[in-house]
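**Q** If it helps, the file is called my_file.tsv and holds TSV, C-alpha atoms:
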chain	number	residue	atom	x	y	z
A	16	MET	CA	73.48	127.54	140.97
A	17	ILE	CA	71.18	129.86	142.87
A	18	SER	CA	70.56	133.53	142.46
A	19	ASP	CA	67.85	136.11	142.69
A	20	ARG	CA	67.82	136.42	138.93
A	21	THR	CA	67.83	133.35	136.76
A	22	PHE	CA	68.30	133.94	133.07
A	23	LEU	CA	67.25	131.67	130.25
A	24	ILE	CA	69.22	132.11	127.08
A	25	CYS	CA	67.76	130.68	123.87
A	26	VAL	CA	70.12	129.93	121.06
A	27	CYS	CA	69.52	128.47	117.65
A	28	VAL	CA	72.14	125.96	116.53
A	29	SER	CA	72.31	124.99	112.89
A	30	PHE	CA	74.39	122.01	111.80
A	31	LEU	CA	75.16	121.95	108.11
A	32	PHE	CA	76.07	118.44	107.01
A	33	ALA	CA	75.70	118.84	103.26
A	34	GLY	CA	78.52	117.27	101.29
A	35	THR	CA	80.15	120.57	100.50
A	36	ALA	CA	83.14	122.50	101.62
A	37	ASP	CA	80.87	124.07	104.21
A	38	ALA	CA	80.15	120.71	105.83
A	39	ASP	CA	80.67	120.72	109.57
A	40	ARG	CA	80.17	124.45	109.74
A	41	LYS	CA	78.04	125.33	112.69
A	42	ARG	CA	76.11	128.49	113.30
A	43	ILE	CA	74.97	129.64	116.69
A	44	GLN	CA	72.68	132.57	116.95
A	45	LEU	CA	71.36	134.23	120.08
A	46	ILE	CA	67.59	134.51	119.79
A	47	ARG	CA	66.42	135.77	123.11
A	48	GLU	CA	67.40	136.36	126.71
A	49	LEU	CA	64.87	136.16	129.53
A	50	ASP	CA	64.91	136.90	133.25
A	51	VAL	CA	63.03	133.79	134.30
A	52	SER	CA	62.76	134.77	137.96
A	53	ALA	CA	60.79	137.86	136.95
A	54	LEU	CA	58.10	135.57	135.49
A	55	VAL	CA	57.50	133.66	138.75
A	56	HIS	CA	54.37	134.46	140.73
A	57	GLU	CA	54.97	133.67	144.40
A	58	ARG	CA	52.29	132.69	146.89
A	59	PRO	CA	51.13	135.57	149.10
A	60	GLY	CA	53.29	135.88	152.21
A	61	GLU	CA	56.04	133.70	150.80
A	62	PRO	CA	59.43	134.60	152.35
A	63	SER	CA	62.01	135.95	149.93
A	64	HIS	CA	64.04	133.21	148.28
A	65	GLY	CA	66.08	132.51	145.19
A	66	HIS	CA	65.56	129.88	142.53
A	67	SER	CA	67.64	127.27	140.78
A	68	VAL	CA	66.89	125.54	137.50
A	69	SER	CA	66.09	121.88	137.92
A	70	GLN	CA	65.23	120.96	134.34
A	71	LEU	CA	64.68	122.36	130.87
A	72	LYS	CA	62.51	120.85	128.14
A	73	MET	CA	61.11	121.90	124.79
A	74	SER	CA	57.90	120.78	123.15
A	75	ASP	CA	58.37	118.65	120.03
A	76	ASP	CA	57.06	121.48	117.87
A	77	ASP	CA	59.68	123.83	119.38
A	78	GLN	CA	56.94	126.29	120.35
A	79	TRP	CA	57.17	126.02	124.14
A	80	ILE	CA	60.06	126.00	126.59
A	81	ALA	CA	59.51	124.41	130.00
A	82	VAL	CA	61.70	125.74	132.80
A	83	ASP	CA	61.46	123.85	136.06
A	84	LEU	CA	62.60	126.06	138.94
A	85	VAL	CA	63.21	124.87	142.47
A	86	ALA	CA	62.47	127.38	145.18
A	87	GLY	CA	65.64	127.72	147.21
A	88	HIS	CA	68.62	125.41	146.98
A	89	PHE	CA	68.59	122.40	144.67
A	90	ASP	CA	70.91	120.44	146.91
A	91	SER	CA	69.45	117.03	147.40
A	92	MET	CA	66.76	114.82	145.95
A	93	MET	CA	66.14	113.62	149.49
A	94	ASP	CA	64.41	116.82	150.64
A	95	ASP	CA	60.91	118.09	149.96
A	96	GLN	CA	61.03	120.75	147.27
A	97	HIS	CA	58.59	123.32	145.98
A	98	HIS	CA	58.80	123.77	142.21
A	99	HIS	CA	57.62	126.44	139.81
A	100	LEU	CA	57.17	124.95	136.35
A	101	LEU	CA	57.10	127.75	133.77
A	102	LEU	CA	55.91	127.25	130.23
A	103	ILE	CA	57.31	130.03	128.10
A	104	PRO	CA	56.42	130.57	124.44
A	105	ALA	CA	59.47	130.44	122.21
A	106	ASP	CA	57.97	133.33	120.26
A	107	PRO	CA	56.71	135.99	122.70
A	108	LYS	CA	54.12	137.07	120.11
A	109	THR	CA	52.30	133.75	120.36
A	110	GLY	CA	51.40	133.85	124.06
A	111	THR	CA	52.45	134.53	127.62
A	112	ALA	CA	54.20	132.39	130.20
A	113	GLU	CA	52.12	130.02	132.31
A	114	GLN	CA	53.06	128.72	135.75
A	115	PHE	CA	52.29	125.37	137.37
A	116	ASP	CA	53.47	124.87	140.94
A	117	TYR	CA	54.04	121.46	142.43
A	118	ASP	CA	55.77	119.76	145.33
A	119	TYR	CA	58.34	117.03	145.05
A	120	LEU	CA	58.28	114.50	147.86
A	121	PRO	CA	61.18	112.03	147.95
B	164	MET	CA	63.77	108.72	132.26
B	165	PRO	CA	62.11	107.29	135.34
B	166	GLY	CA	62.01	109.89	138.03
B	167	GLU	CA	61.35	112.89	135.81
B	168	HIS	CA	58.84	115.20	137.44
B	169	PHE	CA	56.97	116.41	134.35
B	170	TYR	CA	56.38	115.73	130.67
B	171	LEU	CA	54.95	117.77	127.82
B	172	SER	CA	52.80	116.45	125.02
B	173	SER	CA	54.11	117.17	121.52
B	174	ASP	CA	52.49	120.59	121.30
B	175	ALA	CA	52.62	121.20	125.09
B	176	SER	CA	48.82	121.36	125.26
B	177	ILE	CA	48.97	118.70	127.99
B	178	VAL	CA	51.40	118.72	130.91
B	179	GLY	CA	51.80	115.69	133.18
B	180	ILE	CA	53.26	116.57	136.60
B	181	GLU	CA	54.28	114.42	139.56
B	182	ASP	CA	52.83	116.53	142.37
B	183	GLY	CA	53.36	115.19	145.86
B	184	ARG	CA	51.63	111.82	146.06
B	185	SER	CA	49.59	112.22	142.89
B	186	ILE	CA	49.98	112.68	139.15
B	187	ARG	CA	48.42	115.91	137.89
B	188	ILE	CA	47.36	116.43	134.29
B	189	GLU	CA	47.01	120.03	133.13
B	190	ASP	CA	44.95	120.45	129.99
B	191	ARG	CA	46.11	123.84	128.73
B	192	ARG	CA	43.85	123.73	125.71
B	193	ASN	CA	40.70	123.53	127.84
B	194	GLY	CA	42.10	125.15	130.97
B	195	THR	CA	41.25	122.14	133.15
B	196	SER	CA	43.19	120.07	135.66
B	197	CYS	CA	42.72	116.61	137.16
B	198	SER	CA	44.65	114.18	139.35
B	199	ILE	CA	45.51	110.50	139.46
B	200	GLN	CA	45.85	109.39	143.05
B	201	TRP	CA	48.44	107.00	144.39
B	202	PRO	CA	46.85	103.53	144.33
B	203	SER	CA	48.26	102.44	147.70
B	204	LYS	CA	51.03	103.27	150.13
B	205	ARG	CA	52.96	100.20	149.00
B	206	GLN	CA	53.04	101.28	145.37
B	207	ASP	CA	54.83	104.02	143.47
B	208	LEU	CA	53.75	105.96	140.39
B	209	TYR	CA	56.23	107.01	137.71
B	210	LEU	CA	55.66	109.29	134.77
B	211	GLY	CA	56.95	107.93	131.47
B	212	GLY	CA	56.02	110.50	128.83
B	213	PHE	CA	53.35	110.56	126.14
B	214	ILE	CA	52.29	107.83	123.71
B	215	HIS	CA	50.53	109.00	120.56
B	216	ASP	CA	50.77	112.60	121.74
B	217	GLU	CA	47.86	112.55	124.18
B	218	ARG	CA	48.18	109.37	126.25
B	219	LEU	CA	50.22	109.84	129.42
B	220	LEU	CA	52.22	106.73	130.29
B	221	VAL	CA	52.24	105.94	134.03
B	222	THR	CA	53.98	102.98	135.63
B	223	ILE	CA	52.44	101.60	138.81
B	224	ASP	CA	55.28	99.86	140.54
B	225	ASP	CA	55.23	97.68	143.61
B	226	PRO	CA	58.69	97.80	145.17
B	227	SER	CA	58.53	94.27	146.52
B	228	ASP	CA	60.23	91.11	145.31
B	229	LEU	CA	61.44	92.10	141.86
B	230	ALA	CA	61.11	88.69	140.25
B	231	LYS	CA	57.57	88.09	141.46
B	232	ARG	CA	56.00	91.49	141.08
B	233	GLU	CA	53.64	92.37	138.28
B	234	THR	CA	54.19	95.94	137.18
B	235	ARG	CA	51.25	97.75	135.63
B	236	TYR	CA	51.45	100.29	132.83
B	237	GLU	CA	48.50	102.63	132.35
B	238	LEU	CA	47.73	105.15	129.64
B	239	TYR	CA	45.64	108.13	130.79
B	240	ASP	CA	43.91	110.69	128.65
B	241	ARG	CA	43.76	114.42	129.37
B	242	ASN	CA	40.79	113.83	131.71
B	243	CYS	CA	42.75	111.36	133.90
B	244	GLU	CA	40.71	108.45	132.60
B	245	SER	CA	42.60	105.22	132.08
B	246	LYS	CA	42.29	104.19	128.43
B	247	ASP	CA	44.53	101.14	128.33
B	248	SER	CA	46.73	99.07	130.61
B	249	TRP	CA	49.19	96.21	130.56
B	250	THR	CA	51.07	94.18	133.16
B	251	LEU	CA	54.52	92.67	132.95
B	252	LEU	CA	56.27	90.33	135.34
B	253	GLY	CA	59.52	91.89	136.53
B	254	GLY	CA	58.88	95.18	134.77
B	255	THR	CA	60.29	98.48	135.97
B	256	PRO	CA	59.25	102.07	135.13
B	257	ALA	CA	58.80	102.56	131.38
B	258	THR	CA	59.53	105.53	129.13
B	259	ALA	CA	57.81	106.44	125.88
B	260	SER	CA	59.79	106.33	122.66
B	261	PRO	CA	59.77	109.46	120.51
B	262	GLN	CA	58.18	107.29	117.82
B	263	LYS	CA	55.02	107.69	119.93
B	264	GLU	CA	53.86	104.12	119.48
B	265	HIS	CA	56.60	102.36	121.39
B	266	LEU	CA	57.83	102.29	124.94
B	267	PHE	CA	60.99	101.08	126.57
B	268	VAL	CA	60.74	98.80	129.57
B	269	LEU	CA	63.63	97.67	131.72
B	270	ARG	CA	62.81	94.14	132.82
B	271	TYR	CA	64.26	91.79	135.40
B	272	SER	CA	64.06	88.17	134.35
B	273	GLY	CA	65.66	86.41	137.30
B	274	GLY	CA	69.14	85.81	138.64
B	275	THR	CA	71.41	88.49	137.25
B	276	GLN	CA	69.41	88.76	134.04
B	277	TRP	CA	68.13	92.19	132.99
B	278	GLU	CA	66.96	93.30	129.61
B	279	THR	CA	65.55	96.34	127.88
B	280	ASP	CA	62.36	95.58	125.93
B	281	LEU	CA	60.90	97.67	123.11
B	282	VAL	CA	57.13	97.33	123.39
B	283	GLU	CA	54.73	98.27	120.61
B	284	TRP	CA	51.45	99.95	121.45
B	285	PRO	CA	48.47	99.33	121.22
B	286	ALA	CA	49.31	95.61	120.86
B	287	TRP	CA	51.61	95.73	123.94
B	288	LYS	CA	53.85	93.39	122.01
B	289	VAL	CA	57.56	93.08	122.73
B	290	VAL	CA	59.09	93.69	119.31
B	291	ASN	CA	62.74	93.82	120.32
B	292	ARG	CA	64.92	93.24	123.35
B	293	TRP	CA	68.52	93.90	124.31
B	294	PRO	CA	70.63	92.72	127.22
B	295	TYR	CA	71.06	96.18	128.72
B	296	TRP	CA	70.35	96.56	132.37
B	297	LYS	CA	70.35	100.31	132.79
B	298	PRO	CA	67.49	102.72	132.19
B	299	GLY	CA	67.73	104.19	128.72
B	300	LEU	CA	66.27	107.06	126.75
B	301	ALA	CA	65.34	106.90	123.10
B	302	ALA	CA	67.16	109.28	120.80
B	303	ASP	CA	67.25	110.05	117.10
B	304	ASN	CA	63.51	109.52	116.56
B	305	GLY	CA	63.64	106.21	118.35
B	306	HIS	CA	66.48	104.79	116.26
B	307	ALA	CA	68.98	104.87	119.10
B	308	ILE	CA	68.91	104.32	122.83
B	309	CYS	CA	71.22	106.24	125.14
B	310	ILE	CA	72.14	104.80	128.50
B	311	ALA	CA	73.68	106.43	131.54
B	312	SER	CA	76.11	103.99	132.99
B	313	PHE	CA	77.20	104.29	136.57
B	314	GLY	CA	80.78	103.27	136.97
B	315	GLY	CA	81.03	103.58	140.71
B	316	ASN	CA	83.04	106.74	140.50
B	317	GLY	CA	80.54	109.55	139.93
B	318	ASP	CA	83.01	111.55	137.89
B	319	ASP	CA	83.88	108.71	135.55
B	320	SER	CA	80.58	107.27	134.32
B	321	PRO	CA	80.43	107.13	130.55
B	322	LEU	CA	77.26	107.85	128.62
B	323	GLN	CA	76.75	105.51	125.69
B	324	CYS	CA	74.30	105.31	122.78
B	325	ARG	CA	73.42	102.23	120.73
B	326	ASP	CA	71.82	101.81	117.35
B	327	LEU	CA	68.56	99.93	117.91
B	328	THR	CA	68.61	98.16	114.57
B	329	ASN	CA	71.73	96.15	115.33
B	330	GLY	CA	72.75	97.05	118.87
B	331	ALA	CA	75.99	98.62	117.66
B	332	LEU	CA	77.65	100.94	120.11
B	333	LEU	CA	77.63	104.50	118.85
B	334	ALA	CA	79.94	107.22	120.07
B	335	ARG	CA	82.81	104.74	120.08
B	336	GLY	CA	85.23	107.60	119.73
B	337	VAL	CA	83.52	109.88	122.20
B	338	VAL	CA	83.59	109.44	125.94
B	339	ILE	CA	81.30	111.57	128.04
B	340	HIS	CA	82.06	111.37	131.71
B	341	ASP	CA	79.63	111.95	134.50
B	342	GLY	CA	76.78	111.18	132.12
B	343	ASP	CA	73.88	111.44	134.50
B	344	PRO	CA	71.44	113.07	134.64
B	345	PHE	CA	70.98	113.50	130.95
B	346	ALA	CA	68.25	114.08	128.40
B	347	VAL	CA	67.80	113.47	124.71
B	348	ALA	CA	66.08	115.61	122.11
B	349	THR	CA	63.02	113.53	121.29
B	350	SER	CA	62.78	114.31	117.60
B	351	GLY	CA	66.36	115.33	117.01
B	352	THR	CA	69.80	113.87	117.38
B	353	LEU	CA	71.17	115.81	120.30
B	354	VAL	CA	72.13	114.32	123.61
B	355	TRP	CA	72.41	116.67	126.54
B	356	ARG	CA	73.96	116.03	129.84
B	357	LEU	CA	74.15	118.08	132.98
B	358	THR	CA	77.36	117.84	134.93
B	359	GLY	CA	77.33	120.15	137.85
B	360	LEU	CA	77.14	123.57	136.27
B	361	ARG	CA	78.21	122.45	132.82
B	362	CYS	CA	76.05	121.33	129.90
B	363	GLY	CA	77.24	119.60	126.79
B	364	SER	CA	75.78	118.26	123.59
B	365	LEU	CA	76.62	115.86	120.82
B	366	SER	CA	75.38	115.84	117.30
B	367	ARG	CA	74.68	112.50	115.64
B	368	LYS	CA	77.62	113.14	113.40
B	369	GLU	CA	79.79	113.19	116.49
B	370	ILE	CA	78.01	110.16	117.94
B	371	ILE	CA	78.67	108.06	114.88
B	372	GLY	CA	81.95	109.74	114.09
B	373	SER	CA	84.02	106.59	114.26
B	374	THR	CA	81.65	104.28	112.38
Give the structure from this file in structure tokens form.
**A**
Amino acid sequence: MISDRTFLICVCVSFLFAGTADADRKRIQLIRELDVSALVHERPGEPSHGHSVSQLKMSDDDQWIAVDLVAGHFDSMMDDQHHHLLLIPADPKTGTAEQFDYDYLP
Amino acid sequence: MPGEHFYLSSDASIVGIEDGRSIRIEDRRNGTSCSIQWPSKRQDLYLGGFIHDERLLVTIDDPSDLAKRETRYELYDRNCESKDSWTLLGGTPATASPQKEHLFVLRYSGGTQWETDLVEWPAWKVVNRWPYWKPGLAADNGHAICIASFGGNGDDSPLQCRDLTNGALLARGVVIHDGDPFAVATSGTLVWRLTGLRCGSLSRKEIIGST
């Protein structure tokens, strides 16, 4: 999927497995919605392009969300790709997003 | 799994990135960056995650004769200094277990024989092995291994998880098709897969639902 605006939606999922009548009940709660593309800092002179999400990860302490964005189409692992790796704090009060760019060479 | 472009340490203070023909380590705590260069044109580097939170596991693989090659596993600190290494005949790219003191190695042992070894660090001792020949990812705090199996038809490749204590197949009642690429929650019990534009998840309760 590629677009000019890539949104990251964070949800909290709680699984209640206690041996009660409420067992198996699941709760999903929307925590936050982010326009990830707005966080990307492009290199000066970079032509306009969209982004697609290549990978998502979370730190083990659940404090940081890593969003790996591919500049342009994410069509094939056989092509060179420029990536923007964004580290976004799960709680916006604890910090700001950081960006690490890298190139994938097949 | 082998081929992932980046890994986070437990608290994300260190980020390991495969950047072009080098491995880059970003130390966010100290605001520094360093690189591990490709050893030679004949060899490949693979990121494998973090052991003991701050040791980045890197496989140095020589894509030559599988049975004769000695694969090297290095552990780098946040300053790109190698702190430990190990070699294994027939080894392939390794991944760290969420238990932080183990790694999984897919190993070729000749003929049609492949196995998955669980290796304990810092002794580099093989403490368990299973006759699985596909790259796996540890799940459920290292108590289970999940394997993407490629069935030939890309839309019909089941994802399976096994209990590491006895090798029992989990998710007997659940079939996930097109199970690659996929990821596991390192400290949790969720298995995620990406199938085109769709994402799915399983809880352990669903994985072991039929047992």
**Q** Pick the closest to B:Leu281 from B:Asn242, B:Ser173, B:Gln200, B:Thr328: which is it, counting all atoms listed in the file?
**A**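 Result for the nearest residue to B:Leu281: B:Thr328.
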**Q** Per residue of chain A within 10 Å of chain B, which atom pair is closest and at what distance in Å (one decimal), using all atoms listed in the file, listed by chain and increasing number, as a tab-separated table?
**A**
residue	atom	partner	partner_atom	distance
A:Met16	CA	B:Leu360	CA	7.2
A:Phe30	CA	B:Ser366	CA	8.3
A:Phe32	CA	B:Lys368	CA	8.4
A:Asp39	CA	B:Lys368	CA	9.0
A:Ser69	CA	B:His168	CA	9.9
A:Gln70	CA	B:Glu167	CA	9.1
A:Leu71	CA	B:Ala346	CA	9.3
A:Lys72	CA	B:Leu171	CA	8.2
A:Met73	CA	B:Leu171	CA	8.0
A:Ser74	CA	B:Ser173	CA	5.5
A:Asp75	CA	B:Ser173	CA	4.7
A:Asp76	CA	B:Asp174	CA	5.8
A:Asp77	CA	B:Asp174	CA	8.1
A:Gln78	CA	B:Asp174	CA	7.3
A:Trp79	CA	B:Ala175	CA	6.7
A:Ile80	CA	B:Ala175	CA	9.0
A:Ala81	CA	B:Leu171	CA	8.3
A:Asp83	CA	B:Phe169	CA	8.9
A:Asp95	CA	B:Gly183	CA	9.1
A:Gln96	CA	B:Gly183	CA	9.6
A:His97	CA	B:Asp182	CA	9.6
A:His98	CA	B:Asp182	CA	9.4
A:Leu100	CA	B:Phe169	CA	8.8
A:Leu102	CA	B:Ala175	CA	8.6
A:Glu113	CA	B:Arg191	CA	9.3
A:Phe115	CA	B:Glu189	CA	8.6
A:Asp116	CA	B:Asp182	CA	8.5
A:Tyr117	CA	B:Asp182	CA	5.1
A:Asp118	CA	B:Gly183	CA	5.2
A:Tyr119	CA	B:Gly183	CA	5.4
A:Leu120	CA	B:Gly183	CA	5.4
A:Pro121	CA	B:Gly183	CA	8.7
**Q** Please indicate the distance in Å from atom CA of B:Pro226 to atom CA of B:Gly273, rounded to one decimal place.
**A**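 According to the coordinates, atom CA of B:Pro226 and atom CA of B:Gly273 are separated by 15.5 Å.
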**Q** Can you measure atom CA of B:Glu217 to atom CA of B:Val268 for me? One decimal in Å is fine.
**A**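 For atom CA of B:Glu217 relative to atom CA of B:Val268, the distance reads 19.6 Å.
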**Q** Find the distance between atom CA of A:His66 and atom CA of A:Ser52 and write it in Å to one decimal.
**A**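 A separation of 7.3 Å between them.
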